Amino acid sequence: MTNRPEVLDTLFKDHFSAEAQSSERIAQSGSDRRYYRLISGKKTAIGTLSDNIPENNSFFYFTELLRKHKIRVPEVYARSRDRKAYLQEDLGGKSLFEKLQQEGLTPEIKALYRKTLHELAKIQWLAGRETDFKQCCTTAAFDERAILSDLLYFKYYFVDLQHLPYDRQALQEEMEVLARELGRYQPQMLMYRDFQSRNIMVLPKGEIAFIDYQGAMQGPPQYDIASLLWQAKAALPDSWKEELLNSYLESVKEIGVRIDELHFRRGYGQFVLLRLLQVLGAYGFRGILERKPHFLTSIAPALRNLHHFLDDNPQIPAYPELRKMLERLTQADIIARYTAPQFPEKPTLQVAVQSFSYKQGIPPADESGNGGGFVFDCRGILNPGRFPEYKHLSGLDEPVRRFLEEETRMPEFLEKIEDTLAITIEDYLQRGFENLNISFGCTGGQHRSVYASEHIASWLKRRYNLESAAMHRNRERWVREPE
């Protein structure tokens, strides 16, 4: 039993003439699209759900265009009549970012970046020549209005959330002038828009493939190069950035395109800055406001990246209020706000995590000497045990986990609990405390509390390197299928 939508099962069966035997939910990143990997024997596909029909249509259009030009992108196998669901090729492999994280700054990784930029040149200058920009889902061009939107996104969702004093009128005027200047920059080709290493797949034989290009539009080619080479968590060294930029320019020549290299490089620096600010705006919105961990932990590297850029480019930006604001944002105290505190490599803190049933009562008092701890009531979350298909399962089983993650408010509930626990745990670690109890209760101690306790035990390991196996106090009373 899985919770994948029936429409994806139908698309899979129609295309492969076989039922999907299993599926797995693929984690979302910054979009609202939902992805599932459907599997039947050796046949796999990625099912996608999105209510954003214009965005889906852009994806279909650019998939056909890029495949026509021999750019490796996933084939769209099938789509629903309402265009809200579609089945696409499972490219497998690993992202370029994952390869970089695992292997480091090796010659092989540099070669993959070089190959990626060669393919980018073909996307921009060959596929770009015949692109119908009316097919773009948001805006046809990265023009003055779109650039100003990015700058204001950075202002509202990052700058203003830092609560720093600045001349609002002067900053607004400077951003408008900068947007006007960059919006007129030439040449304008097909701009991928989010050309970063997580959207670049390395297939088993070293082939490069691309995903998440539905936001493509007409725009300056420098922006995509900046997105790849200045990705904060990739942290490419300056020597690589310069070498790979030169490699891109060579690729442009190889495909028969002539450009003014001096003019191109001058614009490149401006678009590096613009990309760095756009990313910080996204991290502010997804991380600070929506509290998504990946984006929150990306803020400090992004600020350090911006600091490095400002040090190397004292003339960019050439607007005094904007420059002053950026220099203030990249000072140590701001970066420290988003830098995880350092704790002992071998912490003495022992955290006991457990689930229990309110029918059997709240667990007895802590006997470690701490005398306190947390007790969280999960009964406000929709109970999987009310549904026949989950009644005889537990929070340890994958179908129940999927139900709680996709059909209930459990993710929101646990997100707030993590924020609450972090205050106490970080204080205890710094002060050398030895014990803490965390308990989760639900009606039968079988589904919700079990899932929550397992989740928090895993979170403690990931975030604080604290080993804590969840203990389930009501396990012997779980409702099971009769033998």
# chains A, B, ... in the order shown; residues from 1 in each chain; ligands from 1
>>> residues_around(residues="range 203-207 of chain A", least_positions_apart="3", cutoff="7 Å", atoms="only C-alpha atoms", output="number ranges by chain")
A: 92-94
>>> write_last_selection(atoms="N, CA and C atoms", output="PDB file, in the first residue's frame")
ATOM      1  N   GLY A  92      18.090   8.635 -12.937  1.00  0.00           N
ATOM      2  CA  GLY A  92      18.968   7.951 -11.989  1.00  0.00           C
ATOM      3  C   GLY A  92      20.224   8.766 -11.753  1.00  0.00           C
ATOM      4  N   GLY A  93      21.325   8.080 -11.530  1.00  0.00           N
ATOM      5  CA  GLY A  93      22.587   8.763 -11.338  1.00  0.00           C
ATOM      6  C   GLY A  93      22.594   9.662 -10.122  1.00  0.00           C
ATOM      7  N   LYS A  94      23.579  10.540 -10.066  1.00  0.00           N
ATOM      8  CA  LYS A  94      23.718  11.501  -8.973  1.00  0.00           C
ATOM      9  C   LYS A  94      23.850  12.896  -9.557  1.00  0.00           C
TER      10      LYS A  94
END
>>> select_by_dssp(residues="range 322-412 of chain A", states="strand (DSSP E)", output="short mmCIF file (atom, residue, chain, number, x, y, z; two decimals) with C-alpha atoms, in the first residue's frame")
data_model
loop_
_atom_site.label_atom_id
_atom_site.label_comp_id
_atom_site.auth_asym_id
_atom_site.auth_seq_id
_atom_site.Cartn_x
_atom_site.Cartn_y
_atom_site.Cartn_z
CA GLN A 350 22.35 11.45 26.80
CA VAL A 351 18.90 12.02 25.32
CA ALA A 352 16.19 9.44 25.98
CA VAL A 353 13.47 9.53 23.31
CA GLN A 354 10.33 7.45 23.76
CA SER A 355 6.76 6.98 22.56
CA PHE A 356 3.85 6.07 24.80
CA SER A 357 0.07 5.58 24.89
CA PHE A 374 9.57 17.32 27.28
CA VAL A 375 6.26 15.54 26.75
CA PHE A 376 4.56 16.23 23.40
CA ASP A 377 0.95 15.28 22.67
#
>>> residues_around(residues="Val400 in chain A", least_positions_apart="5", cutoff="12 Å", atoms="only C-alpha atoms", output="number ranges by chain")
A: 1-3, 382-395, 405-408, 410, 446-452
>>> select_by_dssp(residues="range 8-99 of chain A", states="alpha helix (DSSP H)", output="VMD selection string")
chain A and resid 8 to 16 53 to 68 96 to 99
>>> write_last_selection(atoms="C-alpha atoms", output="PDB file, in the first residue's frame")
ATOM      1  CA  LEU A   8       0.351   8.386 -11.644  1.00  0.00           C
ATOM      2  CA  ASP A   9      -0.483   4.675 -11.450  1.00  0.00           C
ATOM      3  CA  THR A  10      -2.699   5.089 -14.498  1.00  0.00           C
ATOM      4  CA  LEU A  11      -0.005   6.923 -16.485  1.00  0.00           C
ATOM      5  CA  PHE A  12       2.569   4.291 -15.528  1.00  0.00           C
ATOM      6  CA  LYS A  13       0.323   1.379 -16.515  1.00  0.00           C
ATOM      7  CA  ASP A  14      -0.673   3.008 -19.814  1.00  0.00           C
ATOM      8  CA  HIS A  15       2.957   3.629 -20.768  1.00  0.00           C
ATOM      9  CA  PHE A  16       4.655   0.448 -19.549  1.00  0.00           C
ATOM     10  CA  ILE A  53      -0.329  24.247 -15.538  1.00  0.00           C
ATOM     11  CA  PRO A  54       1.608  27.095 -17.263  1.00  0.00           C
ATOM     12  CA  GLU A  55       4.795  25.851 -15.597  1.00  0.00           C
ATOM     13  CA  ASN A  56       4.060  22.286 -16.680  1.00  0.00           C
ATOM     14  CA  ASN A  57       3.459  23.437 -20.252  1.00  0.00           C
ATOM     15  CA  SER A  58       6.812  25.256 -20.230  1.00  0.00           C
ATOM     16  CA  PHE A  59       8.500  22.076 -19.069  1.00  0.00           C
ATOM     17  CA  PHE A  60       6.893  20.089 -21.907  1.00  0.00           C
ATOM     18  CA  TYR A  61       7.898  22.707 -24.471  1.00  0.00           C
ATOM     19  CA  PHE A  62      11.516  23.045 -23.364  1.00  0.00           C
ATOM     20  CA  THR A  63      11.881  19.270 -23.057  1.00  0.00           C
ATOM     21  CA  GLU A  64      10.994  18.859 -26.734  1.00  0.00           C
ATOM     22  CA  LEU A  65      13.198  21.775 -27.781  1.00  0.00           C
ATOM     23  CA  LEU A  66      16.272  20.612 -25.869  1.00  0.00           C
ATOM     24  CA  ARG A  67      15.910  16.996 -26.948  1.00  0.00           C
ATOM     25  CA  LYS A  68      15.729  18.209 -30.556  1.00  0.00           C
ATOM     26  CA  LEU A  96      26.883  17.090  -9.923  1.00  0.00           C
ATOM     27  CA  PHE A  97      26.600  18.604  -6.443  1.00  0.00           C
ATOM     28  CA  GLU A  98      26.464  15.142  -4.829  1.00  0.00           C
ATOM     29  CA  LYS A  99      29.491  14.034  -6.855  1.00  0.00           C
TER      30      LYS A  99
END
>>> residues_around(residues="Trp240 in chain A", least_positions_apart="2", cutoff="12 Å", atoms="only C-alpha atoms", output="mmCIF file with C-alpha atoms, in the first residue's frame")
data_model
loop_
_atom_site.group_PDB
_atom_site.id
_atom_site.type_symbol
_atom_site.label_atom_id
_atom_site.label_comp_id
_atom_site.auth_asym_id
_atom_site.auth_seq_id
_atom_site.Cartn_x
_atom_site.Cartn_y
_atom_site.Cartn_z
ATOM 1 C CA LEU A 105 37.827 19.089 -6.060
ATOM 2 C CA THR A 106 39.327 16.410 -8.271
ATOM 3 C CA PRO A 107 40.378 16.668 -11.939
ATOM 4 C CA ILE A 109 34.954 16.770 -11.139
ATOM 5 C CA LYS A 110 36.489 19.713 -12.977
ATOM 6 C CA ALA A 111 36.073 17.809 -16.229
ATOM 7 C CA TYR A 113 31.983 21.053 -14.858
ATOM 8 C CA ARG A 114 33.724 21.730 -18.160
ATOM 9 C CA LEU A 228 26.879 27.406 -11.509
ATOM 10 C CA LEU A 229 30.312 28.750 -10.625
ATOM 11 C CA TRP A 230 29.253 30.848 -7.632
ATOM 12 C CA ALA A 234 29.819 24.125 -3.952
ATOM 13 C CA ALA A 235 32.576 26.579 -2.908
ATOM 14 C CA LEU A 236 34.608 26.316 -6.104
ATOM 15 C CA PRO A 237 38.067 27.920 -5.819
ATOM 16 C CA ASP A 238 38.783 31.099 -7.755
ATOM 17 C CA GLU A 242 38.379 31.519 -14.023
ATOM 18 C CA GLU A 243 39.416 28.354 -15.850
ATOM 19 C CA LEU A 244 35.818 27.215 -16.300
ATOM 20 C CA LEU A 245 34.688 30.642 -17.523
ATOM 21 C CA ASN A 246 37.438 30.456 -20.149
ATOM 22 C CA SER A 247 36.275 26.936 -21.017
#
>>> residues_around(residues="Pro220 in chain A", least_positions_apart="5", cutoff="12 Å", atoms="only C-alpha atoms", output="compact mmCIF listing (two decimals) with C-alpha atoms, in the first residue's frame")
# COMPACT_ATOMS: atom_id res chain seq x y z
CA GLN A 124 21.84 29.04 -24.80
CA TRP A 125 23.14 29.69 -28.29
CA GLY A 128 18.07 29.66 -27.92
CA ALA A 141 12.44 37.82 -20.70
CA PHE A 142 14.75 38.57 -17.81
CA ASP A 143 14.24 42.26 -18.43
CA GLU A 144 14.31 45.35 -16.23
CA ILE A 147 15.53 41.99 -12.48
CA LEU A 182 21.20 45.20 -16.45
CA GLY A 183 17.86 44.81 -18.23
CA ARG A 184 19.36 46.40 -21.34
CA TYR A 185 22.42 44.19 -21.37
CA GLN A 186 23.15 42.33 -24.60
CA PRO A 187 23.30 39.65 -25.85
CA GLN A 188 20.05 38.00 -24.75
CA MET A 189 19.76 34.27 -25.38
CA LEU A 190 17.99 31.31 -23.73
CA MET A 191 18.62 31.59 -19.99
CA TYR A 192 18.17 28.41 -17.92
CA ARG A 193 17.49 30.56 -14.81
CA ILE A 225 27.41 30.74 -15.61
CA ALA A 226 27.31 32.78 -12.41
CA SER A 227 24.65 30.44 -10.99
CA PHE A 264 30.91 39.66 -21.92
CA ARG A 265 33.33 39.53 -18.97
CA GLY A 267 28.71 42.00 -17.68
CA TYR A 268 29.58 38.69 -16.03
CA GLN A 270 27.34 42.31 -12.59
CA PHE A 271 25.29 39.16 -13.06
CA VAL A 272 27.33 37.27 -10.48
CA LEU A 274 22.64 39.74 -9.07
CA ARG A 275 22.58 35.95 -8.72
>>> residues_around(residues="Pro411 in chain A", least_positions_apart="5", cutoff="12 Å", atoms="only C-alpha atoms", output="JSON, numbers by chain")
{"A": [291, 292, 378, 381, 401, 402, 403, 404, 405, 406, 416, 417, 418, 448, 451, 452, 455, 456]}
>>> atom_distance(atom1="CA of Leu306 in chain A", atom2="CA of Tyr338 in chain A")
14.4 Å
>>> closest_atom_pairs(of="range 106-201 of chain A", to="range 314-334 of chain A", cutoff="12 Å", atoms="only C-alpha atoms", output="CSV")
residue,atom,partner,partner_atom,distance
A:Leu151,CA,A:Leu322,CA,10.6
A:Phe154,CA,A:Leu326,CA,11.1
A:Lys155,CA,A:Met325,CA,10.2
A:Phe158,CA,A:Leu329,CA,9.6
A:Val159,CA,A:Leu329,CA,7.9
A:Asp160,CA,A:Leu329,CA,10.9
A:Leu161,CA,A:Leu329,CA,11.2
A:Gln162,CA,A:Ile334,CA,8.1
A:His163,CA,A:Leu329,CA,10.7
A:Leu164,CA,A:Arg328,CA,8.7
A:Pro165,CA,A:Met325,CA,9.0
A:Tyr166,CA,A:Met325,CA,7.2
A:Asp167,CA,A:Glu321,CA,7.2
A:Arg168,CA,A:Glu321,CA,9.0
A:Gln169,CA,A:Glu321,CA,9.7
A:Ala170,CA,A:Glu321,CA,6.5
A:Leu171,CA,A:Glu321,CA,5.7
A:Gln172,CA,A:Leu322,CA,9.0
A:Glu173,CA,A:Glu321,CA,9.6
A:Glu174,CA,A:Tyr319,CA,6.3
A:Met175,CA,A:Leu322,CA,7.8
A:Glu176,CA,A:Tyr319,CA,11.1
A:Val177,CA,A:Tyr319,CA,9.2
A:Leu178,CA,A:Tyr319,CA,8.4
A:Ala179,CA,A:Pro317,CA,11.9
A:Glu181,CA,A:Ala318,CA,11.7
A:Leu182,CA,A:Pro317,CA,11.8
